[in-house]
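See below for the structure under consideration.
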Amino acid sequence: METAAPAAVIVAIDGPSGTGKSSTSKAVAAKLGLRYLDTGAQYRAITWWMITNGIDTDDPQAIALAAGKPAIVSGTDPGAPTITVDGLDASGPIRTQEVTSKVSAVSAVPEVRALITDLQRSIAAEAAQDAEGIVVEGRDIGTTVLPDADLKVFLTASAEARAARRNGELRGKEATDLAATKEALVKRDAADSGRKTSPLAKAADAVEVDTTELTLEQVIECVVTLVEEKRTVRR
Ligand SMILES: Nc1ncnc2c1ncn2[C@@H]1O[C@H](COP(=O)(O)OP(=O)(O)O)[C@@H](O)[C@H]1O
Ligand SMILES: Nc1ccn([C@H]2C[C@H](O)[C@@H](COP(=O)(O)OP(=O)(O)O)O2)c(=O)n1
């Protein structure tokens, strides 16, 4: 008797900055043969385009008018994720402090969210058709983008732990002051949680994992187990 191919699995991972979403999502997707989408990179990409095209990032109307202009393309291989804007590799420029400081304002504009949300849904639908599924990480994936995801995980960690992790990444490049990193991170979380349109929030049916005292490997293992449980139930 022929067995039907297992249905694709859709995993949503949300949480504040520095909780380990990107590292965990990439590793889980690689281990389980799934695709990977970093939605924060897409909001960073549109922010970078606004800055380089002279759009005032404090002017929501100007942002809304320009939102449809850049073509943002995400590559979803967890081993080598890519992001381009109008065909240009944006992976470096989207990580500057200038983009980080402006991304919350740009991503709060409803027209930006509508466009990027559509893009995210089409990437997830394609992965469900052509691959074994996808891990999508961000702020509103479980609540708004993919409310029917098979598994929703909400990662948390203390602000101190998150600031220390971020400083570990920045060391030797830009600022390394722990208090300043923590302040900037808390400010961004507050903006992302406080905006009107699909704020950073835990979905009611998400599994919350506090990563403060866990190693990255422990978090990855925890999420892999949760995905495998879902797959077993459905097979
Ligand atoms: N549980 C953990 N323990 C220690 N460091 C971690 C842990 N999870 C992630 N990190 C590190 O913290 C930094 C931020 O992680 P990242 O995955 O980019 O978080 P996010 O995507 O939530 O902003 C990275 O340098 C990563 O290696
Ligand atoms: N689904 C998402 C993902 C990110 N954003 C916005 C809000 C975040 O502060 C920025 C940047 O997200 P990103 O995940 O790259 O941020 P960090 O890796 O935590 O620094 O994008 C969003 O509004 N919705």
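Please note that chains go A, B, ... in the order of the structure tokens, that every chain numbers its residues from 1, and that ligands are numbered from 1 in the order shown.
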Which chains and residue numbers are within 8 Å of ligand 2, counting only C-alpha atoms and all ligand atoms, if I want them as JSON, numbers by chain?
-> {"A": [14, 16, 17, 18, 19, 21, 22, 38, 39, 40, 41, 42, 43, 44, 95, 100, 103, 104, 107, 108, 113, 137, 138, 139, 140, 141, 145, 188, 189, 191, 192, 198, 199, 200]}
Select the residues contacting ligand 1 at a distance of at most 9 Å, based on only C-alpha atoms and all ligand atoms, then format the selection as a CSV table (one decimal) with C-alpha atoms, in the first residue's frame.
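out.csv, written as the output of this step:
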```csv
chain,number,residue,atom,x,y,z
A,14,ASP,CA,8.3,34.9,17.8
A,15,GLY,CA,9.8,36.9,20.6
A,16,PRO,CA,11.7,40.1,21.5
A,17,SER,CA,15.2,40.9,20.2
A,18,GLY,CA,18.1,38.7,21.3
A,19,THR,CA,16.0,35.8,22.6
A,20,GLY,CA,17.6,33.5,20.0
A,21,LYS,CA,15.0,33.4,17.3
A,22,SER,CA,17.3,33.6,14.3
A,23,SER,CA,19.9,31.1,15.6
A,24,THR,CA,17.3,28.7,16.8
A,25,SER,CA,15.1,28.9,13.7
A,26,LYS,CA,18.1,28.4,11.3
A,38,ASP,CA,13.9,35.7,8.8
A,40,GLY,CA,13.1,40.8,10.6
A,137,GLU,CA,10.7,33.8,12.8
A,138,GLY,CA,9.6,37.4,13.7
A,155,LEU,CA,11.0,32.8,23.0
A,156,THR,CA,11.8,35.1,26.0
A,157,ALA,CA,14.9,36.0,28.0
A,161,ALA,CA,20.9,38.2,29.0
A,162,ARG,CA,19.7,39.6,25.7
A,163,ALA,CA,21.9,42.7,26.0
A,164,ALA,CA,24.9,40.5,26.8
A,165,ARG,CA,24.3,38.3,23.8
A,166,ARG,CA,24.0,41.3,21.5
A,167,ASN,CA,27.2,42.8,22.9
A,168,GLY,CA,28.9,39.6,22.2
A,169,GLU,CA,28.0,40.0,18.5
A,170,LEU,CA,29.0,43.7,18.3
A,210,ASP,CA,12.4,31.3,28.6
A,211,THR,CA,16.0,31.0,27.2
A,212,THR,CA,17.7,33.0,30.0
A,213,GLU,CA,19.3,30.0,31.6
A,214,LEU,CA,19.5,27.8,28.6
A,215,THR,CA,22.3,27.3,26.1
A,216,LEU,CA,21.5,27.8,22.4
A,217,GLU,CA,21.9,24.0,21.9
A,218,GLN,CA,19.3,23.3,24.6
A,219,VAL,CA,16.8,25.7,23.0
A,220,ILE,CA,17.4,24.1,19.6
```
Which residues, written as a list in words, have at least one atom at most 12 Å from Gln61 (chain A), with only C-alpha atoms counted and residues fewer than 2 positions away on the same chain left out?
->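 Non-adjacent residues within range: Ile55, Asp56, Thr57, Asp58, Asp59, Ile63, Ala64, Leu65, Ala66, Ala67, Ala105, Val106, Ala108, Val109, Pro110, Glu111 and Val112 of chain A.
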Between CA of Asn53 (chain A) and CA of Lys69 (chain A), measure the distance and give it in Å to one decimal.
->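 We find that CA of Asn53 (chain A) and CA of Lys69 (chain A) lie 10.5 Å from each other.
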Pick out each residue of region 93-215 of chain A that DSSP on the backbone tags as alpha helix (DSSP H); I need them as number ranges by chain.
-> A: 97-107, 110-130, 159-170, 178-194
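The gap separating CA of Val28 (chain A) from CA of Glu229 (chain A) is 13.7 Å, in Å to one decimal.
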Can you list, as a list in words, every protein, DNA or RNA residue that comes within 10 Å of Ala71 (chain A) when you count only C-alpha atoms, leaving out same-chain residues fewer than 2 positions away?
-> Ala45, Ile46, Trp49, Ala67, Gly68, Lys69, Val73, Thr84, Val85, Asp86, Gly87 and Leu88 of chain A
Length of the CA of Ala124 (chain A) to CA of Ile10 (chain A) vector [Å] =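 Result for CA of Ala124 (chain A) versus CA of Ile10 (chain A): 7.6 Å, one decimal.
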Selection: 7 Å around Ser91 (chain A), only C-alpha atoms, excl. self and same-chain fewer than 3 positions, as a PyMOL selection string = chain A and resi 82-83+94
